[in-house]
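Data from query_2.txt: compact mmCIF, C-alpha atoms and all ligand atoms
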```
# COMPACT_ATOMS: atom_id res chain seq x y z
CA MET J 781 -82.64 83.66 25.53
CA GLN J 782 -82.89 79.89 25.05
CA ARG J 783 -81.71 77.95 28.10
CA ILE J 784 -79.81 74.94 26.88
CA ALA J 785 -78.69 72.06 29.08
CA ILE J 786 -76.46 69.15 28.19
CA TYR J 787 -77.10 65.64 29.55
CA PRO J 788 -73.88 63.71 28.91
CA GLY J 789 -73.24 60.01 29.36
CA THR J 790 -72.02 56.85 27.71
CA PHE J 791 -75.58 55.53 27.24
CA ASP J 792 -74.41 51.97 26.55
CA PRO J 793 -77.39 51.59 26.30
CA ILE J 794 -79.89 54.27 27.33
CA THR J 795 -82.21 52.97 30.09
CA ASN J 796 -85.62 53.96 31.46
CA GLY J 797 -83.73 55.65 34.30
CA HIS J 798 -81.91 57.94 31.85
CA LEU J 799 -85.25 58.70 30.15
CA ASP J 800 -86.77 59.62 33.50
CA ILE J 801 -83.97 62.17 33.99
CA ILE J 802 -84.47 63.57 30.46
CA ARG J 803 -88.22 64.01 31.08
CA ARG J 804 -87.46 65.96 34.27
CA ALA J 805 -84.78 68.09 32.59
CA VAL J 806 -87.05 69.26 29.74
CA LYS J 807 -89.41 70.74 32.33
CA ILE J 808 -86.64 73.10 33.45
CA PHE J 809 -84.75 73.92 30.24
CA ASP J 810 -85.86 75.00 26.74
CA THR J 811 -83.60 72.48 25.07
CA VAL J 812 -81.86 69.42 26.48
CA ILE J 813 -79.07 67.97 24.36
CA VAL J 814 -78.37 64.35 25.18
CA ALA J 815 -74.65 64.14 24.46
CA VAL J 816 -73.33 60.63 23.89
CA ALA J 817 -69.65 60.28 24.84
CA HIS J 818 -67.41 58.08 22.69
CA ASN J 819 -65.83 56.86 25.94
CA GLU J 820 -63.71 54.06 24.45
CA GLY J 821 -62.21 53.67 27.93
CA LYS J 822 -65.47 51.99 29.00
CA ASN J 823 -65.22 49.53 26.10
CA PRO J 824 -68.86 50.01 25.08
CA LEU J 825 -70.91 47.10 23.75
CA PHE J 826 -72.57 49.39 21.19
CA GLY J 827 -70.69 51.66 18.78
CA ILE J 828 -71.21 55.41 18.99
CA GLU J 829 -73.65 55.48 16.05
CA GLU J 830 -75.76 52.70 17.51
CA ARG J 831 -75.87 54.44 20.90
CA VAL J 832 -76.88 57.75 19.31
CA SER J 833 -79.59 56.10 17.24
CA MET J 834 -80.94 54.21 20.28
CA VAL J 835 -81.18 57.50 22.19
CA ARG J 836 -82.87 59.17 19.17
CA GLU J 837 -85.47 56.43 18.99
CA ALA J 838 -86.07 56.59 22.75
CA VAL J 839 -86.59 60.38 22.93
CA ARG J 840 -88.59 60.71 19.71
CA ASP J 841 -91.75 61.63 21.62
CA ILE J 842 -90.18 64.07 24.08
CA PRO J 843 -90.30 67.67 22.83
CA GLY J 844 -87.25 69.86 23.41
CA VAL J 845 -84.66 67.09 23.19
CA GLU J 846 -81.76 66.88 20.74
CA VAL J 847 -79.24 64.07 20.47
CA ASP J 848 -75.58 64.34 19.51
CA ALA J 849 -72.24 62.61 19.96
CA PHE J 850 -69.17 64.33 21.39
CA HIS J 851 -65.49 63.51 21.55
CA SER J 852 -63.99 66.26 23.70
CA LEU J 853 -64.07 67.60 27.22
CA ILE J 854 -67.71 67.92 28.18
CA ILE J 855 -67.16 71.50 29.25
CA GLU J 856 -65.81 72.38 25.79
CA TYR J 857 -68.91 70.80 24.29
CA CYS J 858 -71.09 72.91 26.63
CA GLN J 859 -69.25 76.05 25.48
CA LYS J 860 -69.69 75.10 21.82
CA LYS J 861 -73.44 74.66 22.34
CA LYS J 862 -73.74 77.75 24.59
CA ALA J 863 -75.25 75.58 27.31
CA VAL J 864 -75.88 77.00 30.76
CA ALA J 865 -76.07 73.68 32.59
CA LEU J 866 -74.87 70.12 32.74
CA ILE J 867 -77.46 67.58 33.88
CA ARG J 868 -76.49 64.49 35.84
CA GLY J 869 -78.66 61.91 37.53
CA LEU J 870 -78.16 60.89 41.14
CA ARG J 871 -79.51 57.40 41.81
CA ALA J 872 -78.15 56.85 45.29
CA VAL J 873 -75.67 58.22 47.79
CA SER J 874 -73.00 56.05 46.15
CA ASP J 875 -73.19 58.23 43.00
CA PHE J 876 -72.52 61.37 44.98
CA GLU J 877 -68.76 61.28 45.46
CA TYR J 878 -67.91 60.73 41.79
CA GLU J 879 -70.50 63.28 40.66
CA PHE J 880 -69.36 65.84 43.23
CA GLN J 881 -65.75 65.52 42.04
CA MET J 882 -66.78 65.82 38.39
CA ALA J 883 -69.01 68.83 39.08
CA LEU J 884 -66.24 70.67 40.91
CA MET J 885 -63.72 69.86 38.20
CA ASN J 886 -66.09 71.09 35.51
CA ARG J 887 -66.73 74.26 37.53
CA LYS J 888 -62.97 74.79 37.74
CA LEU J 889 -62.81 74.53 33.94
CA ASP J 890 -65.75 76.89 33.41
CA LYS J 891 -67.45 78.67 36.30
CA ASP J 892 -70.43 79.67 34.13
CA VAL J 893 -71.73 76.14 33.50
CA GLU J 894 -73.77 74.89 36.45
CA SER J 895 -74.08 71.17 37.22
CA VAL J 896 -77.69 70.31 37.98
CA PHE J 897 -78.51 66.99 39.68
CA LEU J 898 -81.85 65.30 39.21
CA MET J 899 -83.13 62.19 40.94
CA PRO J 900 -84.95 59.49 38.98
CA LYS J 901 -88.03 57.72 40.30
CA GLU J 902 -87.14 55.29 43.10
CA LYS J 903 -88.03 52.32 40.89
CA TYR J 904 -85.10 53.24 38.61
CA SER J 905 -82.57 53.92 41.36
CA TYR J 906 -80.94 50.49 41.07
CA LEU J 907 -80.59 50.51 37.25
CA SER J 908 -77.25 50.67 35.52
CA SER J 909 -76.34 49.99 31.92
CA SER J 910 -73.75 47.35 32.94
CA LEU J 911 -76.20 45.36 35.05
CA ILE J 912 -78.80 45.49 32.30
CA LYS J 913 -76.25 44.19 29.76
CA GLU J 914 -75.27 41.40 32.13
CA ILE J 915 -78.88 40.32 32.63
CA ALA J 916 -79.58 40.51 28.88
CA ALA J 917 -76.46 38.45 28.12
CA PHE J 918 -77.90 35.60 30.21
CA GLY J 919 -81.35 35.97 28.63
CA GLY J 920 -82.93 37.58 31.73
CA ASP J 921 -85.97 39.82 31.53
CA ILE J 922 -85.05 43.48 31.10
CA SER J 923 -88.31 44.59 29.50
CA CYS J 924 -89.24 47.00 32.31
CA MET J 925 -85.75 48.54 32.42
CA VAL J 926 -85.17 49.77 28.86
CA PRO J 927 -87.29 51.05 25.94
CA GLU J 928 -88.54 48.35 23.58
CA THR J 929 -86.13 49.32 20.79
CA VAL J 930 -83.17 48.97 23.15
CA HIS J 931 -84.50 45.62 24.37
CA ASN J 932 -84.66 44.39 20.76
CA ARG J 933 -81.17 45.61 19.96
CA LEU J 934 -79.71 44.00 23.08
CA THR J 935 -81.37 40.69 22.23
CA ARG J 936 -80.02 40.90 18.67
CA LYS J 937 -76.53 41.90 19.82
CA PHE J 938 -76.17 38.98 22.21
CA ALA J 939 -77.67 36.54 19.66
CA GLU J 940 -75.05 37.70 17.11
CA LYS J 941 -72.30 37.27 19.71
CA LYS J 942 -73.51 33.73 20.48
CA GLU J 943 -73.56 32.83 16.77
CA ARG J 944 -69.99 34.08 16.33
CA LYS J 945 -68.72 31.82 19.15
N1 LIG J 1001 -80.60 55.54 35.18
C1 LIG J 1001 -79.93 54.42 34.93
N2 LIG J 1001 -78.59 54.37 34.93
C2 LIG J 1001 -77.94 55.47 35.21
C3 LIG J 1001 -78.58 56.68 35.49
C4 LIG J 1001 -79.97 56.68 35.49
N3 LIG J 1001 -80.67 57.77 35.75
N4 LIG J 1001 -77.64 57.62 35.73
C5 LIG J 1001 -76.47 57.02 35.60
N5 LIG J 1001 -76.64 55.72 35.27
C6 LIG J 1001 -75.63 54.71 35.11
C7 LIG J 1001 -75.21 54.52 33.72
O1 LIG J 1001 -76.02 53.55 33.10
C8 LIG J 1001 -73.80 54.05 33.90
O2 LIG J 1001 -73.81 52.69 34.19
P1 LIG J 1001 -72.56 51.77 33.83
O3 LIG J 1001 -71.36 52.36 34.49
O4 LIG J 1001 -72.99 50.48 34.41
O5 LIG J 1001 -72.44 51.76 32.34
C9 LIG J 1001 -73.34 54.81 35.13
O6 LIG J 1001 -74.49 55.15 35.81
C10 LIG J 1001 -72.65 56.10 34.87
O7 LIG J 1001 -72.61 56.30 33.53
P2 LIG J 1001 -72.98 57.60 32.69
O8 LIG J 1001 -74.08 58.36 33.26
O9 LIG J 1001 -73.09 57.15 31.27
O10 LIG J 1001 -71.79 58.43 32.88
P3 LIG J 1001 -70.37 58.00 32.62
O11 LIG J 1001 -69.76 58.02 33.96
O12 LIG J 1001 -70.21 56.78 31.82
O13 LIG J 1001 -69.94 59.17 31.68
C11 LIG J 1001 -69.17 61.35 31.21
C12 LIG J 1001 -69.43 60.28 32.23
C13 LIG J 1001 -69.24 60.86 29.79
C14 LIG J 1001 -70.21 62.41 31.42
C15 LIG J 1001 -67.77 61.89 31.56
O14 LIG J 1001 -66.87 60.83 31.50
C16 LIG J 1001 -67.34 62.98 30.64
O15 LIG J 1001 -67.78 64.09 30.79
N6 LIG J 1001 -66.44 62.65 29.67
C17 LIG J 1001 -65.90 63.60 28.72
C18 LIG J 1001 -64.46 63.94 29.06
C19 LIG J 1001 -64.41 64.96 30.18
O16 LIG J 1001 -64.86 66.07 30.08
N7 LIG J 1001 -63.79 64.52 31.29
C20 LIG J 1001 -63.62 65.37 32.46
C21 LIG J 1001 -64.80 65.31 33.37
S1 LIG J 1001 -64.57 66.32 34.80
```
Any chance you could give the structure as structure tokens?
Ligand code: COA
Amino acid sequence: MQRIAIYPGTFDPITNGHLDIIRRAVKIFDTVIVAVAHNEGKNPLFGIEERVSMVREAVRDIPGVEVDAFHSLIIEYCQKKKAVALIRGLRAVSDFEYEFQMALMNRKLDKDVESVFLMPKEKYSYLSSSLIKEIAAFGGDISCMVPETVHNRLTRKFAEKKERK
């Protein structure tokens, strides 16, 4: 039987830290579906289609990865895809409380889907999509934090925003 895991997130945008987690997850599972949440509550900079296409470009060379968008409870999405696990990254102790609460809530909703936590390389432990966007907005160097395609899109996005002002 194929062991499918779901790696959900807002991915606004995907970072090298997220990619590090995906590369670890494909070593454990047959298929890893990167599931991009609409998450309007977070007021994303990039629309859902842009986020999905950035993830697709970034994982192109990693076998065993699929990319999709979802607009439901993550546990319902796991059931639809017959996934056995939910992957989440833990960057630091500060992530733990929120992740612990989410994992227990998801277990309450479906006891058969296990949450699996993976730790990225230390050099990615301080990355977050918000900080990267903030640095990019001020023209700072983010080249070692995101894939090149994401870098280009961020530069273009902030240039467009500047022009509109
Ligand atoms: N490298 C770099 N950054 C990382 C990272 C890593 N390995 N792991 C997490 N992050 C960052 C993200 O960039 C993001 O940064 P930001 O807040 O500055 O944008 C932050 O950590 C957490 O974001 P993310 O991993 O995208 O998760 P999220 O908290 O935005 O999304 C969902 C959480 C989408 C999984 C959750 O809201 C969900 O499941 N929603 C569906 C509805 C549902 O089922 N709700 C009930 C849940 S119990």
Could you report the residues within 6 Å of ligand LIG 1001 (chain J), using all atoms listed in the file, as a list of chain:residue names?
-> J:Pro788, J:Gly789, J:Thr790, J:Phe791, J:Thr795, J:Gly797, J:His798, J:Ile801, J:Ala817, J:Ser852, J:Leu853, J:Ile854, J:Ile855, J:Gly869, J:Met882, J:Met885, J:Asn886, J:Pro900, J:Leu907, J:Ser908, J:Ser909, J:Ser910
Distance criterion (only C-alpha atoms): nearest to His851 in chain J out of J:Ala785, J:Cys924, J:Val896, J:Ile828 =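 Closest candidate: J:Ile828.
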If you measure from CA of Asp800 in chain J to CA of Met899 in chain J, what distance in Å do you get, rounded to one decimal?
->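 According to the coordinates, CA of Asp800 in chain J and CA of Met899 in chain J are separated by 8.7 Å.
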What is the distance, in Å and to one decimal place, between CA of Asn932 in chain J and CA of Gly919 in chain J?
->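 Separation of CA of Asn932 in chain J and CA of Gly919 in chain J: 12.0 Å.
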Work out where the centre of an axis-aligned box around every listed atom of range 874-886 of chain J lies and how long its edges are once 5 Å is added on each side; give both in Å to one decimal as AutoDock Vina command-line options.
```
--center_x -68.5 --center_y 63.6 --center_z 40.8 --size_x 19.5 --size_y 25.0 --size_z 20.6
```
How close does range 790-892 of chain J get to range 935-942 of chain J? List, as CSV, each residue of range 790-892 of chain J within 12 Å, its nearest atom pair and the distance in Å to one decimal, counting only C-alpha atoms.
```
residue,atom,partner,partner_atom,distance
J:Pro793,CA,J:Lys937,CA,11.7
J:Leu825,CA,J:Lys937,CA,8.6
J:Phe826,CA,J:Lys937,CA,8.6
J:Gly827,CA,J:Lys937,CA,11.4
J:Glu830,CA,J:Lys937,CA,11.1
```
Keeping only C-alpha atoms, write those residues as a tab-separated table (two decimals), keeping the file's coordinate frame.
```
chain	number	residue	atom	x	y	z
J	793	PRO	CA	-77.39	51.59	26.30
J	825	LEU	CA	-70.91	47.10	23.75
J	826	PHE	CA	-72.57	49.39	21.19
J	827	GLY	CA	-70.69	51.66	18.78
J	830	GLU	CA	-75.76	52.70	17.51
```
To one decimal place, how far is CA of Val930 in chain J from CA of Ser905 in chain J in Å?
->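 These atoms are spaced 18.9 Å apart.
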Restricting to only C-alpha atoms, whichever of J:Glu829, J:Asp890, J:Glu902, J:Glu943 is closest to Lys862 in chain J is J:Asp890
Give me the residues within 8 Å of Val864 in chain J as a compact mmCIF listing (two decimals) with C-alpha atoms, in the coordinates of the input, counting only C-alpha atoms and dropping any in the same chain fewer than 6 places off.
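Dumped to part-v2.txt:
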```
# COMPACT_ATOMS: atom_id res chain seq x y z
CA ARG J 783 -81.71 77.95 28.10
CA ILE J 784 -79.81 74.94 26.88
CA ALA J 785 -78.69 72.06 29.08
CA CYS J 858 -71.09 72.91 26.63
CA ASP J 892 -70.43 79.67 34.13
CA VAL J 893 -71.73 76.14 33.50
CA GLU J 894 -73.77 74.89 36.45
```
Incomplete range 781-799 of chain J brought to N, CA, C and O atoms, written out as a PDB file, in the coordinates of the input:
```pdb
ATOM      1  N   MET J 781     -83.752  84.533  25.908  1.00  0.00           N
ATOM      2  CA  MET J 781     -82.640  83.660  25.530  1.00  0.00           C
ATOM      3  C   MET J 781     -82.981  82.188  25.821  1.00  0.00           C
ATOM      4  O   MET J 781     -83.540  81.895  26.866  1.00  0.00           O
ATOM      5  N   GLN J 782     -82.667  81.341  24.880  1.00  0.00           N
ATOM      6  CA  GLN J 782     -82.890  79.890  25.050  1.00  0.00           C
ATOM      7  C   GLN J 782     -81.986  79.337  26.149  1.00  0.00           C
ATOM      8  O   GLN J 782     -80.802  79.636  26.173  1.00  0.00           O
ATOM      9  N   ARG J 783     -82.551  78.565  27.067  1.00  0.00           N
ATOM     10  CA  ARG J 783     -81.710  77.950  28.100  1.00  0.00           C
ATOM     11  C   ARG J 783     -81.454  76.501  27.715  1.00  0.00           C
ATOM     12  O   ARG J 783     -82.360  75.663  27.723  1.00  0.00           O
ATOM     13  N   ILE J 784     -80.193  76.268  27.363  1.00  0.00           N
ATOM     14  CA  ILE J 784     -79.810  74.940  26.880  1.00  0.00           C
ATOM     15  C   ILE J 784     -79.060  74.181  27.966  1.00  0.00           C
ATOM     16  O   ILE J 784     -78.173  74.736  28.624  1.00  0.00           O
ATOM     17  N   ALA J 785     -79.429  72.919  28.143  1.00  0.00           N
ATOM     18  CA  ALA J 785     -78.690  72.060  29.080  1.00  0.00           C
ATOM     19  C   ALA J 785     -78.179  70.838  28.336  1.00  0.00           C
ATOM     20  O   ALA J 785     -78.801  70.381  27.377  1.00  0.00           O
ATOM     21  N   ILE J 786     -77.049  70.346  28.801  1.00  0.00           N
ATOM     22  CA  ILE J 786     -76.460  69.150  28.190  1.00  0.00           C
ATOM     23  C   ILE J 786     -76.589  67.993  29.193  1.00  0.00           C
ATOM     24  O   ILE J 786     -76.256  68.160  30.375  1.00  0.00           O
ATOM     25  N   TYR J 787     -77.058  66.854  28.713  1.00  0.00           N
ATOM     26  CA  TYR J 787     -77.100  65.640  29.550  1.00  0.00           C
ATOM     27  C   TYR J 787     -76.111  64.639  28.944  1.00  0.00           C
ATOM     28  O   TYR J 787     -76.427  63.965  27.977  1.00  0.00           O
ATOM     29  N   PRO J 788     -74.890  64.585  29.504  1.00  0.00           N
ATOM     30  CA  PRO J 788     -73.880  63.710  28.910  1.00  0.00           C
ATOM     31  C   PRO J 788     -73.871  62.317  29.551  1.00  0.00           C
ATOM     32  O   PRO J 788     -74.288  62.153  30.697  1.00  0.00           O
ATOM     33  N   GLY J 789     -73.372  61.357  28.805  1.00  0.00           N
ATOM     34  CA  GLY J 789     -73.240  60.010  29.360  1.00  0.00           C
ATOM     35  C   GLY J 789     -72.747  59.072  28.290  1.00  0.00           C
ATOM     36  O   GLY J 789     -72.633  59.460  27.117  1.00  0.00           O
ATOM     37  N   THR J 790     -72.477  57.844  28.690  1.00  0.00           N
ATOM     38  CA  THR J 790     -72.020  56.850  27.710  1.00  0.00           C
ATOM     39  C   THR J 790     -73.230  56.205  27.028  1.00  0.00           C
ATOM     40  O   THR J 790     -73.164  55.837  25.858  1.00  0.00           O
ATOM     41  N   PHE J 791     -74.321  56.079  27.769  1.00  0.00           N
ATOM     42  CA  PHE J 791     -75.580  55.530  27.240  1.00  0.00           C
ATOM     43  C   PHE J 791     -75.346  54.213  26.486  1.00  0.00           C
ATOM     44  O   PHE J 791     -75.697  54.076  25.312  1.00  0.00           O
ATOM     45  N   ASP J 792     -74.754  53.265  27.179  1.00  0.00           N
ATOM     46  CA  ASP J 792     -74.410  51.970  26.550  1.00  0.00           C
ATOM     47  C   ASP J 792     -75.183  50.835  27.208  1.00  0.00           C
ATOM     48  O   ASP J 792     -74.558  49.991  27.859  1.00  0.00           O
ATOM     49  N   PRO J 793     -76.487  50.743  27.082  1.00  0.00           N
ATOM     50  CA  PRO J 793     -77.390  51.590  26.300  1.00  0.00           C
ATOM     51  C   PRO J 793     -78.163  52.546  27.211  1.00  0.00           C
ATOM     52  O   PRO J 793     -78.055  52.467  28.436  1.00  0.00           O
ATOM     53  N   ILE J 794     -78.980  53.404  26.567  1.00  0.00           N
ATOM     54  CA  ILE J 794     -79.890  54.270  27.330  1.00  0.00           C
ATOM     55  C   ILE J 794     -80.909  53.373  28.051  1.00  0.00           C
ATOM     56  O   ILE J 794     -81.316  52.338  27.525  1.00  0.00           O
ATOM     57  N   THR J 795     -81.267  53.769  29.280  1.00  0.00           N
ATOM     58  CA  THR J 795     -82.210  52.970  30.090  1.00  0.00           C
ATOM     59  C   THR J 795     -83.442  53.829  30.424  1.00  0.00           C
ATOM     60  O   THR J 795     -83.444  55.047  30.198  1.00  0.00           O
ATOM     61  N   ASN J 796     -84.432  53.194  31.027  1.00  0.00           N
ATOM     62  CA  ASN J 796     -85.620  53.960  31.460  1.00  0.00           C
ATOM     63  C   ASN J 796     -85.249  54.971  32.546  1.00  0.00           C
ATOM     64  O   ASN J 796     -85.920  55.986  32.703  1.00  0.00           O
ATOM     65  N   GLY J 797     -84.193  54.701  33.280  1.00  0.00           N
ATOM     66  CA  GLY J 797     -83.730  55.650  34.300  1.00  0.00           C
ATOM     67  C   GLY J 797     -83.200  56.926  33.647  1.00  0.00           C
ATOM     68  O   GLY J 797     -83.508  58.041  34.088  1.00  0.00           O
ATOM     69  N   HIS J 798     -82.399  56.771  32.580  1.00  0.00           N
ATOM     70  CA  HIS J 798     -81.910  57.940  31.850  1.00  0.00           C
ATOM     71  C   HIS J 798     -83.095  58.748  31.286  1.00  0.00           C
ATOM     72  O   HIS J 798     -83.110  59.972  31.340  1.00  0.00           O
ATOM     73  N   LEU J 799     -84.080  58.015  30.744  1.00  0.00           N
ATOM     74  CA  LEU J 799     -85.250  58.700  30.150  1.00  0.00           C
ATOM     75  C   LEU J 799     -86.017  59.484  31.200  1.00  0.00           C
ATOM     76  O   LEU J 799     -86.525  60.571  30.926  1.00  0.00           O
TER      77      LEU J 799
END
```
